[in-house]
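Structure data follow from input25.cif (mmCIF, C-alpha atoms):
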data_coords
#
loop_
_atom_site.label_atom_id
_atom_site.label_comp_id
_atom_site.auth_asym_id
_atom_site.auth_seq_id
_atom_site.Cartn_x
_atom_site.Cartn_y
_atom_site.Cartn_z
CA MET A 1 115.40 99.54 168.28
CA LYS A 2 113.26 97.19 170.37
CA LYS A 3 114.94 94.20 171.96
CA VAL A 4 113.74 90.76 170.86
CA SER A 5 114.08 87.73 173.11
CA ILE A 6 116.37 84.85 172.07
CA PHE A 7 113.36 82.55 172.16
CA GLY A 8 111.49 84.90 169.82
CA LEU A 9 114.39 84.96 167.37
CA ILE A 10 114.57 81.17 167.37
CA MET A 11 110.84 80.87 166.73
CA LEU A 12 111.02 83.41 163.90
CA ALA A 13 113.88 81.47 162.31
CA ILE A 14 111.93 78.21 162.53
CA ILE A 15 108.84 79.83 161.02
CA SER A 16 110.92 81.42 158.26
CA VAL A 17 112.42 78.09 157.27
CA PHE A 18 109.04 76.39 157.41
CA CYS A 19 107.36 79.01 155.25
CA CYS A 20 110.08 78.77 152.59
CA VAL A 21 109.54 75.05 152.02
CA PRO A 22 107.79 74.70 148.66
CA MET A 23 104.37 73.08 148.76
CA LYS A 24 103.48 70.16 146.53
CA VAL A 25 100.05 69.72 145.03
CA GLU A 26 99.36 66.05 144.43
CA ILE A 27 98.20 65.06 140.96
CA SER A 28 97.77 61.65 139.42
CA LYS A 29 100.25 60.31 136.88
CA ALA A 30 97.33 59.86 134.49
CA ASP A 31 96.96 63.64 134.23
CA VAL A 32 100.29 64.06 132.43
CA ASP A 33 102.23 61.37 130.58
CA LEU A 34 105.70 62.43 129.40
CA SER A 35 108.41 60.55 127.54
CA SER A 36 111.27 62.85 128.61
CA LYS A 37 113.71 61.63 131.28
CA SER A 38 112.85 64.35 133.77
CA ALA A 39 110.32 67.14 134.13
CA MET A 40 109.00 69.79 136.49
CA LEU A 41 106.02 72.13 136.62
CA MET A 42 106.28 74.79 139.31
CA ASP A 43 104.46 77.95 140.31
CA SER A 44 107.12 80.62 139.99
CA ASP A 45 106.10 82.77 142.97
CA THR A 46 105.37 80.19 145.65
CA LYS A 47 107.64 77.40 144.32
CA THR A 48 104.66 75.05 144.63
CA ILE A 49 105.32 71.82 142.74
CA LEU A 50 102.43 70.98 140.44
CA TYR A 51 104.06 68.07 138.63
CA GLU A 52 107.40 66.30 138.75
CA LYS A 53 109.10 63.37 137.11
CA ASN A 54 112.58 62.36 138.33
CA SER A 55 112.92 66.03 139.24
CA HIS A 56 116.06 65.65 141.40
CA GLU A 57 117.94 63.26 139.12
CA HIS A 58 121.44 64.51 138.23
CA LEU A 59 121.49 64.97 134.47
CA PRO A 60 123.32 67.03 131.86
CA VAL A 61 121.12 69.97 130.87
CA ALA A 62 123.17 71.35 127.97
CA SER A 63 122.69 75.09 127.33
CA MET A 64 120.17 75.47 130.15
CA VAL A 65 123.38 76.04 132.15
CA LYS A 66 123.39 79.49 130.55
CA MET A 67 120.45 80.49 132.73
CA MET A 68 122.95 80.92 135.56
CA THR A 69 125.21 82.94 133.27
CA ILE A 70 122.20 85.12 132.50
CA LEU A 71 121.22 85.46 136.18
CA LEU A 72 124.71 86.52 137.28
CA THR A 73 124.84 89.07 134.46
CA LEU A 74 121.47 90.47 135.51
CA GLU A 75 122.57 90.70 139.15
CA ASN A 76 125.83 92.44 138.23
CA ILE A 77 123.90 94.96 136.14
CA GLU A 78 121.44 95.55 138.99
CA GLU A 79 124.33 96.13 141.40
CA ASP A 80 125.94 98.64 138.97
CA ARG A 81 129.09 96.57 138.64
CA ILE A 82 128.61 96.45 134.89
CA SER A 83 126.44 98.31 132.38
CA LEU A 84 124.68 97.41 129.15
CA GLU A 85 126.71 100.20 127.54
CA ASP A 86 130.07 98.71 128.54
CA LYS A 87 132.51 97.72 125.81
CA VAL A 88 133.70 94.11 126.16
CA LEU A 89 137.03 93.18 124.60
CA THR A 90 136.65 89.63 123.33
CA SER A 91 139.29 86.93 123.66
CA GLU A 92 140.47 84.26 121.27
CA LYS A 93 139.04 81.65 123.65
CA ALA A 94 135.58 83.20 123.57
CA SER A 95 135.49 83.56 119.78
CA GLY A 96 136.60 79.95 119.30
CA MET A 97 133.98 78.23 121.47
CA GLY A 98 132.05 76.59 118.64
CA GLY A 99 128.65 74.98 119.04
CA SER A 100 125.76 77.45 119.11
CA GLN A 101 127.41 80.80 118.52
CA VAL A 102 127.10 84.23 116.93
CA PHE A 103 130.61 84.19 115.47
CA ILE A 104 132.12 87.06 117.45
CA ASP A 105 135.56 88.24 116.34
CA PRO A 106 138.52 87.98 118.72
CA PHE A 107 140.18 91.10 120.14
CA GLU A 108 137.26 93.34 119.22
CA GLU A 109 135.09 95.52 121.43
CA TYR A 110 131.44 94.50 121.57
CA LYS A 111 128.68 96.28 123.42
CA LEU A 112 127.78 94.24 126.50
CA GLU A 113 124.09 94.52 125.63
CA ASP A 114 124.68 92.84 122.26
CA LEU A 115 126.54 89.92 123.84
CA PHE A 116 123.88 89.56 126.53
CA LYS A 117 121.10 89.54 123.94
CA SER A 118 122.96 86.92 121.91
CA VAL A 119 123.08 84.61 124.92
CA ILE A 120 119.40 85.01 125.79
CA MET A 121 118.08 84.74 122.26
CA ALA A 122 120.56 82.60 120.35
CA SER A 123 122.21 80.64 123.18
CA ALA A 124 125.61 81.92 122.08
CA ASN A 125 128.52 80.00 123.60
CA ASP A 126 130.98 82.65 122.44
CA GLY A 127 128.86 85.42 123.95
CA SER A 128 128.59 83.52 127.25
CA VAL A 129 132.35 83.13 127.65
CA ALA A 130 132.93 86.77 126.68
CA LEU A 131 130.52 87.88 129.42
CA ALA A 132 132.06 85.49 131.96
CA GLU A 133 135.58 86.77 131.26
CA TYR A 134 134.45 90.39 131.47
CA ILE A 135 132.55 89.94 134.75
CA SER A 136 135.01 87.70 136.61
CA GLY A 137 138.30 87.92 134.73
CA SER A 138 138.15 84.33 133.53
CA GLU A 139 135.60 81.63 132.87
CA SER A 140 136.95 79.54 135.75
CA ASN A 141 136.45 82.40 138.22
CA PHE A 142 132.96 82.95 136.84
CA VAL A 143 132.12 79.25 137.30
CA LYS A 144 133.03 79.57 140.98
CA GLN A 145 130.46 82.35 141.25
CA MET A 146 127.93 80.19 139.42
CA ASN A 147 128.31 77.37 141.94
CA LYS A 148 128.24 79.80 144.86
CA ARG A 149 124.99 81.31 143.63
CA ALA A 150 123.49 77.88 143.00
CA ASN A 151 124.27 76.95 146.59
CA GLU A 152 122.61 80.15 147.85
CA LEU A 153 119.46 79.30 145.88
CA GLY A 154 119.31 75.80 147.35
CA MET A 155 120.16 74.15 144.03
CA ASN A 156 121.60 71.06 145.68
CA ASP A 157 121.48 68.90 142.55
CA THR A 158 123.70 71.17 140.46
CA ASN A 159 127.42 71.44 139.72
CA TYR A 160 128.79 73.76 137.08
CA VAL A 161 132.05 73.26 135.20
CA ASN A 162 131.60 75.85 132.46
CA CYS A 163 129.28 78.76 131.65
CA THR A 164 127.98 77.38 128.35
CA GLY A 165 126.60 73.90 129.01
CA LEU A 166 129.02 72.26 126.59
CA PRO A 167 129.61 68.61 127.64
CA ALA A 168 131.77 68.17 130.74
CA PRO A 169 131.96 64.97 132.87
CA GLU A 170 131.35 66.63 136.25
CA GLN A 171 128.66 69.06 135.11
CA TYR A 172 125.04 68.32 135.95
CA SER A 173 121.80 69.81 137.17
CA SER A 174 118.18 68.72 137.61
CA ALA A 175 114.70 69.65 136.48
CA TYR A 176 113.89 70.99 139.96
CA ASP A 177 117.01 73.16 140.15
CA SER A 178 116.39 74.43 136.62
CA ALA A 179 112.90 75.54 137.65
CA VAL A 180 114.24 77.32 140.74
CA LEU A 181 116.83 79.08 138.59
CA MET A 182 114.31 80.15 135.97
CA SER A 183 112.01 81.51 138.67
CA GLU A 184 114.84 83.85 139.73
CA VAL A 185 115.67 85.02 136.21
CA VAL A 186 112.07 85.91 135.30
CA LYS A 187 111.91 88.39 138.19
CA TYR A 188 113.95 90.80 136.06
CA ASP A 189 112.12 93.03 133.58
CA LEU A 190 115.43 93.50 131.76
CA TYR A 191 115.51 89.79 130.96
CA HIS A 192 112.09 89.98 129.29
CA ASN A 193 113.28 92.87 127.14
CA TYR A 194 115.31 90.31 125.19
CA SER A 195 113.68 86.94 125.94
CA THR A 196 110.49 87.96 124.14
CA ILE A 197 112.22 89.00 120.89
CA TRP A 198 111.71 86.48 118.10
CA MET A 199 114.22 87.76 115.53
CA ASP A 200 116.97 90.39 115.63
CA LYS A 201 120.46 91.14 114.34
CA LEU A 202 123.92 91.36 115.84
CA ILE A 203 126.02 93.95 114.06
CA HIS A 204 129.71 93.20 114.61
CA PRO A 205 132.31 95.99 114.97
CA SER A 206 133.44 95.24 111.42
CA GLY A 207 129.93 95.83 110.11
CA ARG A 208 129.32 92.14 109.52
CA VAL A 209 125.77 91.02 110.48
CA THR A 210 124.65 87.83 112.24
CA GLU A 211 120.96 87.01 112.28
CA LEU A 212 119.55 86.18 115.72
CA VAL A 213 116.58 83.83 116.05
CA ASN A 214 115.14 82.95 119.44
CA THR A 215 115.80 79.26 120.12
CA ASN A 216 112.70 79.12 122.34
CA ARG A 217 109.91 78.83 119.78
CA LEU A 218 107.25 78.89 122.53
CA VAL A 219 107.83 82.66 122.78
CA LYS A 220 106.14 82.92 119.40
CA TYR A 221 103.73 80.00 119.51
CA TYR A 222 102.55 79.58 123.13
CA LYS A 223 100.21 82.14 124.70
CA GLY A 224 101.83 83.82 127.69
CA CYS A 225 105.34 82.42 127.20
CA ASP A 226 107.81 85.25 127.76
CA GLY A 227 111.08 83.49 128.45
CA GLY A 228 113.01 80.29 128.40
CA LYS A 229 116.23 78.49 127.61
CA THR A 230 116.73 75.58 125.27
CA GLY A 231 119.56 73.07 125.38
CA SER A 232 120.62 70.19 123.17
CA THR A 233 123.61 67.84 123.12
CA ASN A 234 124.03 64.16 122.40
CA GLU A 235 124.42 63.33 126.08
CA ALA A 236 121.67 65.65 127.39
CA GLY A 237 119.11 65.10 124.66
CA CYS A 238 116.76 68.02 124.07
CA CYS A 239 116.01 70.25 127.07
CA LEU A 240 113.88 73.29 127.75
CA SER A 241 113.15 75.52 130.73
CA ALA A 242 110.37 78.01 129.99
CA SER A 243 108.15 80.53 131.74
CA ALA A 244 104.60 81.56 130.87
CA LYS A 245 102.21 83.94 132.60
CA ARG A 246 98.44 84.28 132.35
CA ASP A 247 96.63 86.70 134.63
CA ASP A 248 98.34 86.42 138.04
CA LEU A 249 99.69 82.90 137.52
CA ARG A 250 103.27 82.44 136.32
CA LEU A 251 104.37 78.86 135.70
CA ILE A 252 107.80 77.35 135.11
CA SER A 253 107.89 74.26 132.91
CA VAL A 254 111.08 72.20 132.56
CA ILE A 255 111.86 69.28 130.26
CA VAL A 256 115.16 67.41 130.46
CA GLY A 257 116.24 64.61 128.13
CA ALA A 258 113.53 64.70 125.48
CA PRO A 259 114.26 62.46 122.48
CA ASN A 260 113.94 65.33 120.00
CA SER A 261 113.20 69.03 119.73
CA LYS A 262 109.55 68.59 118.79
CA THR A 263 108.94 66.50 121.91
CA ARG A 264 110.57 69.00 124.27
CA PHE A 265 108.38 71.85 123.02
CA GLY A 266 105.29 69.65 122.96
CA GLU A 267 105.77 68.26 126.47
CA CYS A 268 106.70 71.66 127.89
CA SER A 269 103.45 73.02 126.39
CA GLU A 270 101.55 70.04 127.79
CA LEU A 271 102.73 70.91 131.29
CA PHE A 272 101.74 74.54 130.80
CA ASN A 273 98.32 73.48 129.53
CA TYR A 274 97.79 71.29 132.57
CA GLY A 275 98.83 74.05 134.96
CA PHE A 276 96.74 76.84 133.48
CA ALA A 277 93.69 74.59 133.11
CA ASN A 278 93.73 73.29 136.68
CA PHE A 279 95.24 75.94 138.97
CA GLU A 280 94.77 79.56 139.93
CA ILE A 281 96.22 82.15 142.28
CA LYS A 282 94.15 82.98 145.35
CA LYS A 283 94.95 86.21 147.18
CA ILE A 284 94.66 85.76 150.94
CA VAL A 285 96.20 88.94 152.40
CA ASN A 286 96.16 92.35 150.74
CA SER A 287 98.74 94.81 152.06
CA SER A 288 96.76 97.79 150.75
CA GLU A 289 93.73 96.99 152.93
CA ILE A 290 93.39 98.05 156.58
CA VAL A 291 93.58 94.99 158.81
CA ALA A 292 92.89 96.84 162.09
CA ASN A 293 92.24 100.28 163.57
CA LEU A 294 93.46 100.57 167.15
CA PRO A 295 93.28 103.34 169.75
CA VAL A 296 96.53 105.16 170.50
CA THR A 297 97.62 106.13 174.01
CA LYS A 298 99.40 109.46 174.52
CA GLY A 299 99.59 110.07 170.81
CA LYS A 300 98.91 112.95 168.45
CA VAL A 301 96.24 110.81 166.83
CA GLN A 302 93.49 108.95 168.64
CA ASN A 303 93.49 105.91 166.36
CA ALA A 304 95.90 104.30 163.91
CA ASP A 305 95.24 102.26 160.78
CA LEU A 306 97.32 99.11 160.55
CA TYR A 307 98.28 97.04 157.49
CA ALA A 308 99.95 93.79 156.56
CA ARG A 309 103.59 94.34 155.62
CA GLU A 310 103.21 92.30 152.43
CA ASP A 311 100.67 90.57 150.24
CA TYR A 312 100.15 86.86 150.47
CA ALA A 313 98.76 84.77 147.65
CA THR A 314 98.94 81.05 147.06
CA ILE A 315 98.16 78.64 144.28
CA VAL A 316 95.12 76.38 144.58
CA LYS A 317 93.34 73.89 142.38
CA LYS A 318 90.43 75.44 140.54
CA GLY A 319 87.26 74.61 142.44
CA ASP A 320 89.14 74.11 145.70
CA ASN A 321 86.98 75.89 148.27
CA SER A 322 89.27 75.22 151.22
CA ASP A 323 88.98 78.06 153.68
CA PHE A 324 92.04 79.97 154.82
CA GLU A 325 91.82 81.23 158.38
CA ILE A 326 93.36 84.56 159.34
CA LYS A 327 94.47 85.11 162.94
CA LYS A 328 95.71 88.48 164.22
CA ASP A 329 97.99 88.93 167.20
CA LEU A 330 97.64 92.57 168.28
CA PRO A 331 97.66 94.61 171.49
CA GLU A 332 94.43 96.26 172.63
CA LYS A 333 96.02 99.68 172.27
CA ILE A 334 99.12 101.12 170.65
CA ARG A 335 101.48 103.20 172.73
CA ALA A 336 102.57 106.30 170.79
CA GLY A 337 106.16 106.49 169.56
CA VAL A 338 105.97 103.86 166.84
CA LYS A 339 107.96 104.57 163.68
CA ALA A 340 106.53 103.90 160.23
CA ASN A 341 106.95 100.28 159.10
CA ASN A 342 107.79 99.05 162.60
CA THR A 343 106.11 95.78 163.57
CA VAL A 344 103.16 96.16 165.95
CA GLY A 345 101.58 92.75 165.54
CA ARG A 346 101.41 89.59 163.49
CA ILE A 347 99.06 87.88 161.05
CA GLN A 348 98.94 84.10 160.87
CA VAL A 349 97.47 82.45 157.78
CA LEU A 350 96.23 78.92 158.48
CA LYS A 351 95.00 76.20 156.15
CA ASN A 352 93.47 73.08 157.64
CA GLY A 353 94.63 74.30 161.04
CA GLU A 354 98.31 74.59 160.03
CA VAL A 355 100.21 77.86 159.77
CA VAL A 356 101.31 78.39 156.16
CA LYS A 357 102.42 82.02 156.44
CA GLU A 358 103.20 84.69 159.03
CA ILE A 359 103.19 88.38 158.15
CA ASP A 360 104.05 91.47 160.21
CA ILE A 361 101.34 94.02 160.94
CA ILE A 362 102.66 97.58 160.64
CA SER A 363 101.67 101.22 160.69
CA LYS A 364 102.53 102.87 157.40
CA ASN A 365 102.96 106.21 159.18
CA ASN A 366 104.75 107.41 162.29
CA ILE A 367 102.57 107.31 165.40
CA ASP A 368 104.03 110.29 167.21
CA LYS A 369 103.84 111.00 170.92
CA MET A 370 101.88 113.99 172.09
CA SER A 371 104.19 116.84 173.09
CA TYR A 372 103.72 119.08 176.13
CA LEU A 373 102.43 121.82 173.83
CA ASP A 374 100.00 119.37 172.20
CA THR A 375 98.70 118.49 175.68
CA VAL A 376 98.16 122.15 176.57
CA HIS A 377 96.30 122.77 173.31
CA LYS A 378 94.12 119.73 173.88
CA ILE A 379 93.22 120.87 177.40
CA ALA A 380 92.51 124.38 176.11
CA GLU A 381 90.17 123.00 173.44
CA LYS A 382 88.08 121.28 176.12
CA TRP A 383 87.64 124.44 178.16
#
Could you write out this file's structure as structure tokens?
Amino acid sequence: MKKVSIFGLIMLAIISVFCCVPMKVEISKADVDLSSKSAMLMDSDTKTILYEKNSHEHLPVASMVKMMTILLTLENIEEDRISLEDKVLTSEKASGMGGSQVFIDPFEEYKLEDLFKSVIMASANDGSVALAEYISGSESNFVKQMNKRANELGMNDTNYVNCTGLPAPEQYSSAYDSAVLMSEVVKYDLYHNYSTIWMDKLIHPSGRVTELVNTNRLVKYYKGCDGGKTGSTNEAGCCLSASAKRDDLRLISVIVGAPNSKTRFGECSELFNYGFANFEIKKIVNSSEIVANLPVTKGKVQNADLYAREDYATIVKKGDNSDFEIKKDLPEKIRAGVKANNTVGRIQVLKNGEVVKEIDIISKNNIDKMSYLDTVHKIAEKW
């Protein structure tokens, strides 16, 4: 492994932090006029803020809290700690939660997938607590994990007290944090397997049936909407965090504290409409395209194709013709002995003279050194 100077590590850390700071695209208040207490429109991939209203205000968000319950369940499934096929023995506490529920029976074994679906689709409080108890042993232990994960995601305006969103004095979040959380959840294809279902059924172990209807009506009525979480209590008002994707652009729209359900869906749609009408994704760096072809010294090959380690795309206003400048930091030649995916250079993406992204330049294949036998063969070929 190549040694990296302390100065280099410090500079990389600074650049990493800088590049993770979400951009904000300025828009006038006249473009969107909302009555809800708080709102946020964000590009899911880049975390670019397209609109905000009181976005960091600490507010109750009702059942939008369950988005963290959903995220932790997804992560535990991904890490093979739990499985959709697992049987979850329900407790009396879980079955007695009240509020939005699917009326699970106590001391019965439910398939984890059914409970998970009930939370995503029907915002089931009883299903949420059953999952929390199964994953962490108790709801209180699960809540500790919720707050830990929120801290890791930079959700600094959030404190969880329960896994359901039922009213609790010390529980709060914000429109901004809700958008960050939703942008994590929508990365999972498994989530969309259930979030896009409009109607379904939960068949209880006894054979009893509970109808499931998706609480997020935008899944049915808004083009591109493939996920979201509603919430509604007297103290929180009507809330909604939703995701919609058209072409390469995925937006997160959050409404907190709407006066009624019709307003939350209408204003969430209004934000989506604004975003899709005025913004687009612009691809700047394509990792499948050759960025350089350099000569190789003492190698089995004479030249090596080099690529960016990752794609880079950003969101821009439609009609914005601002040029992005690409700078490459590469040696004149590559010394053989480079392993596949090792860094051999660096791309800087600049906008208006400022670095907005740095990406490694790599070789996708090993660049092997010429052996003694290879040298002999090469000499022989010239004779």
### Query
Suppose you want the space between atom CA of A:Pro106 and atom CA of A:Leu89; what is it in Å?
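Interatomic distance, atom CA of A:Pro106 to atom CA of A:Leu89: 8.0 Å.
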### Query
What is the distance between atom CA of A:Asn273 and atom CA of A:Asp247, in Å to one decimal?
14.3 Å
Using only C-alpha atoms, can you list as a PDB file with C-alpha atoms, in the coordinates of the input the residues within 9 Å of (115.8, 68.4, 145.5)?
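Ended up saving to result_11.pdb:
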ATOM      1  CA  SER A  55     112.920  66.030 139.240  1.00  0.00           C
ATOM      2  CA  HIS A  56     116.060  65.650 141.400  1.00  0.00           C
ATOM      3  CA  GLU A  57     117.940  63.260 139.120  1.00  0.00           C
ATOM      4  CA  GLY A 154     119.310  75.800 147.350  1.00  0.00           C
ATOM      5  CA  MET A 155     120.160  74.150 144.030  1.00  0.00           C
ATOM      6  CA  ASN A 156     121.600  71.060 145.680  1.00  0.00           C
ATOM      7  CA  ASP A 157     121.480  68.900 142.550  1.00  0.00           C
ATOM      8  CA  SER A 174     118.180  68.720 137.610  1.00  0.00           C
ATOM      9  CA  TYR A 176     113.890  70.990 139.960  1.00  0.00           C
ATOM     10  CA  ASP A 177     117.010  73.160 140.150  1.00  0.00           C
TER      11      ASP A 177
END
### Task
Compare A:Lys282, A:Gln348, A:Val338, A:Met64 by their minimum atom-to-atom distance to A:Asn216, counting only C-alpha atoms, and give me the closest one.
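The answer is A:Met64, which sits nearest to A:Asn216.
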### Task
Point out the residue among A:Gln171, A:Asn151, A:Ser128, A:Ser241 with the least atom-to-atom distance to A:His58, counting all atoms listed in the file.
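For A:His58, the nearest of the given residues is A:Gln171.
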### Task
List the residues matched by the PyMOL selection byres ((chain A and resi 256-266) around 8) in the displayed structure as number ranges by chain, ordered by chain and then by residue number.
A: 35-39, 59, 61, 174-175, 217-218, 236-240, 254-255, 267-270
Test item: residues at most 8 Å from A:Lys111, all atoms listed in the file, excluding those fewer than 6 positions along its chain, as a compact mmCIF listing (two decimals) with C-alpha atoms, in the coordinates of the input:
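Final file, part_22.txt:
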# COMPACT_ATOMS: atom_id res chain seq x y z
CA LEU A 84 124.68 97.41 129.15
CA GLU A 85 126.71 100.20 127.54
CA ASP A 86 130.07 98.71 128.54
CA LYS A 87 132.51 97.72 125.81
CA VAL A 88 133.70 94.11 126.16
Write out all heavy atoms for stretch 295-304 of chain A, as a PDB file, in the frame of the given file.
ATOM      1  N   PRO A 295      93.086 102.086 169.021  1.00  0.00           N
ATOM      2  CA  PRO A 295      93.280 103.340 169.750  1.00  0.00           C
ATOM      3  C   PRO A 295      94.742 103.537 170.122  1.00  0.00           C
ATOM      4  O   PRO A 295      95.476 102.570 170.334  1.00  0.00           O
ATOM      5  CB  PRO A 295      92.406 103.157 171.002  1.00  0.00           C
ATOM      6  CG  PRO A 295      92.245 101.690 171.151  1.00  0.00           C
ATOM      7  CD  PRO A 295      92.269 101.116 169.775  1.00  0.00           C
ATOM      8  N   VAL A 296      95.147 104.810 170.184  1.00  0.00           N
ATOM      9  CA  VAL A 296      96.530 105.160 170.500  1.00  0.00           C
ATOM     10  C   VAL A 296      96.567 105.881 171.829  1.00  0.00           C
ATOM     11  O   VAL A 296      95.772 106.801 172.070  1.00  0.00           O
ATOM     12  CB  VAL A 296      97.136 106.057 169.398  1.00  0.00           C
ATOM     13  CG1 VAL A 296      98.557 106.483 169.766  1.00  0.00           C
ATOM     14  CG2 VAL A 296      97.121 105.335 168.052  1.00  0.00           C
ATOM     15  N   THR A 297      97.467 105.465 172.714  1.00  0.00           N
ATOM     16  CA  THR A 297      97.620 106.130 174.010  1.00  0.00           C
ATOM     17  C   THR A 297      98.754 107.156 173.936  1.00  0.00           C
ATOM     18  O   THR A 297      99.821 106.881 173.388  1.00  0.00           O
ATOM     19  CB  THR A 297      97.932 105.118 175.119  1.00  0.00           C
ATOM     20  OG1 THR A 297      99.122 104.414 174.803  1.00  0.00           O
ATOM     21  CG2 THR A 297      96.798 104.118 175.260  1.00  0.00           C
ATOM     22  N   LYS A 298      98.438 108.360 174.447  1.00  0.00           N
ATOM     23  CA  LYS A 298      99.400 109.460 174.520  1.00  0.00           C
ATOM     24  C   LYS A 298      99.980 109.810 173.158  1.00  0.00           C
ATOM     25  O   LYS A 298     101.157 110.125 173.011  1.00  0.00           O
ATOM     26  CB  LYS A 298     100.538 109.109 175.492  1.00  0.00           C
ATOM     27  CG  LYS A 298     100.058 108.858 176.909  1.00  0.00           C
ATOM     28  CD  LYS A 298     101.215 108.559 177.848  1.00  0.00           C
ATOM     29  CE  LYS A 298     100.724 108.318 179.263  1.00  0.00           C
ATOM     30  NZ  LYS A 298     101.833 108.013 180.199  1.00  0.00           N
ATOM     31  N   GLY A 299      99.119 109.766 172.155  1.00  0.00           N
ATOM     32  CA  GLY A 299      99.590 110.070 170.810  1.00  0.00           C
ATOM     33  C   GLY A 299      98.919 111.304 170.227  1.00  0.00           C
ATOM     34  O   GLY A 299      97.899 111.793 170.732  1.00  0.00           O
ATOM     35  N   LYS A 300      99.493 111.799 169.135  1.00  0.00           N
ATOM     36  CA  LYS A 300      98.910 112.950 168.450  1.00  0.00           C
ATOM     37  C   LYS A 300      97.617 112.573 167.733  1.00  0.00           C
ATOM     38  O   LYS A 300      96.801 113.441 167.432  1.00  0.00           O
ATOM     39  CB  LYS A 300      99.909 113.528 167.451  1.00  0.00           C
ATOM     40  CG  LYS A 300     101.095 114.230 168.098  1.00  0.00           C
ATOM     41  CD  LYS A 300     101.970 114.912 167.045  1.00  0.00           C
ATOM     42  CE  LYS A 300     103.081 115.705 167.713  1.00  0.00           C
ATOM     43  NZ  LYS A 300     103.907 116.442 166.720  1.00  0.00           N
ATOM     44  N   VAL A 301      97.485 111.293 167.435  1.00  0.00           N
ATOM     45  CA  VAL A 301      96.240 110.810 166.830  1.00  0.00           C
ATOM     46  C   VAL A 301      95.553 109.876 167.811  1.00  0.00           C
ATOM     47  O   VAL A 301      96.196 109.248 168.666  1.00  0.00           O
ATOM     48  CB  VAL A 301      96.512 110.077 165.495  1.00  0.00           C
ATOM     49  CG1 VAL A 301      97.074 111.038 164.466  1.00  0.00           C
ATOM     50  CG2 VAL A 301      97.434 108.890 165.695  1.00  0.00           C
ATOM     51  N   GLN A 302      94.235 109.799 167.711  1.00  0.00           N
ATOM     52  CA  GLN A 302      93.490 108.950 168.640  1.00  0.00           C
ATOM     53  C   GLN A 302      93.481 107.489 168.206  1.00  0.00           C
ATOM     54  O   GLN A 302      93.423 106.591 169.034  1.00  0.00           O
ATOM     55  CB  GLN A 302      92.041 109.458 168.745  1.00  0.00           C
ATOM     56  CG  GLN A 302      91.922 110.805 169.458  1.00  0.00           C
ATOM     57  CD  GLN A 302      90.472 111.212 169.651  1.00  0.00           C
ATOM     58  OE1 GLN A 302      89.598 110.815 168.885  1.00  0.00           O
ATOM     59  NE2 GLN A 302      90.214 112.029 170.673  1.00  0.00           N
ATOM     60  N   ASN A 303      93.520 107.267 166.892  1.00  0.00           N
ATOM     61  CA  ASN A 303      93.490 105.910 166.360  1.00  0.00           C
ATOM     62  C   ASN A 303      94.502 105.776 165.216  1.00  0.00           C
ATOM     63  O   ASN A 303      94.859 106.768 164.572  1.00  0.00           O
ATOM     64  CB  ASN A 303      92.097 105.559 165.824  1.00  0.00           C
ATOM     65  CG  ASN A 303      91.062 105.452 166.929  1.00  0.00           C
ATOM     66  OD1 ASN A 303      90.594 106.467 167.436  1.00  0.00           O
ATOM     67  ND2 ASN A 303      90.731 104.225 167.298  1.00  0.00           N
ATOM     68  N   ALA A 304      94.926 104.542 164.981  1.00  0.00           N
ATOM     69  CA  ALA A 304      95.900 104.300 163.910  1.00  0.00           C
ATOM     70  C   ALA A 304      95.436 103.132 163.041  1.00  0.00           C
ATOM     71  O   ALA A 304      94.989 102.097 163.560  1.00  0.00           O
ATOM     72  CB  ALA A 304      97.269 103.988 164.497  1.00  0.00           C
TER      73      ALA A 304
END
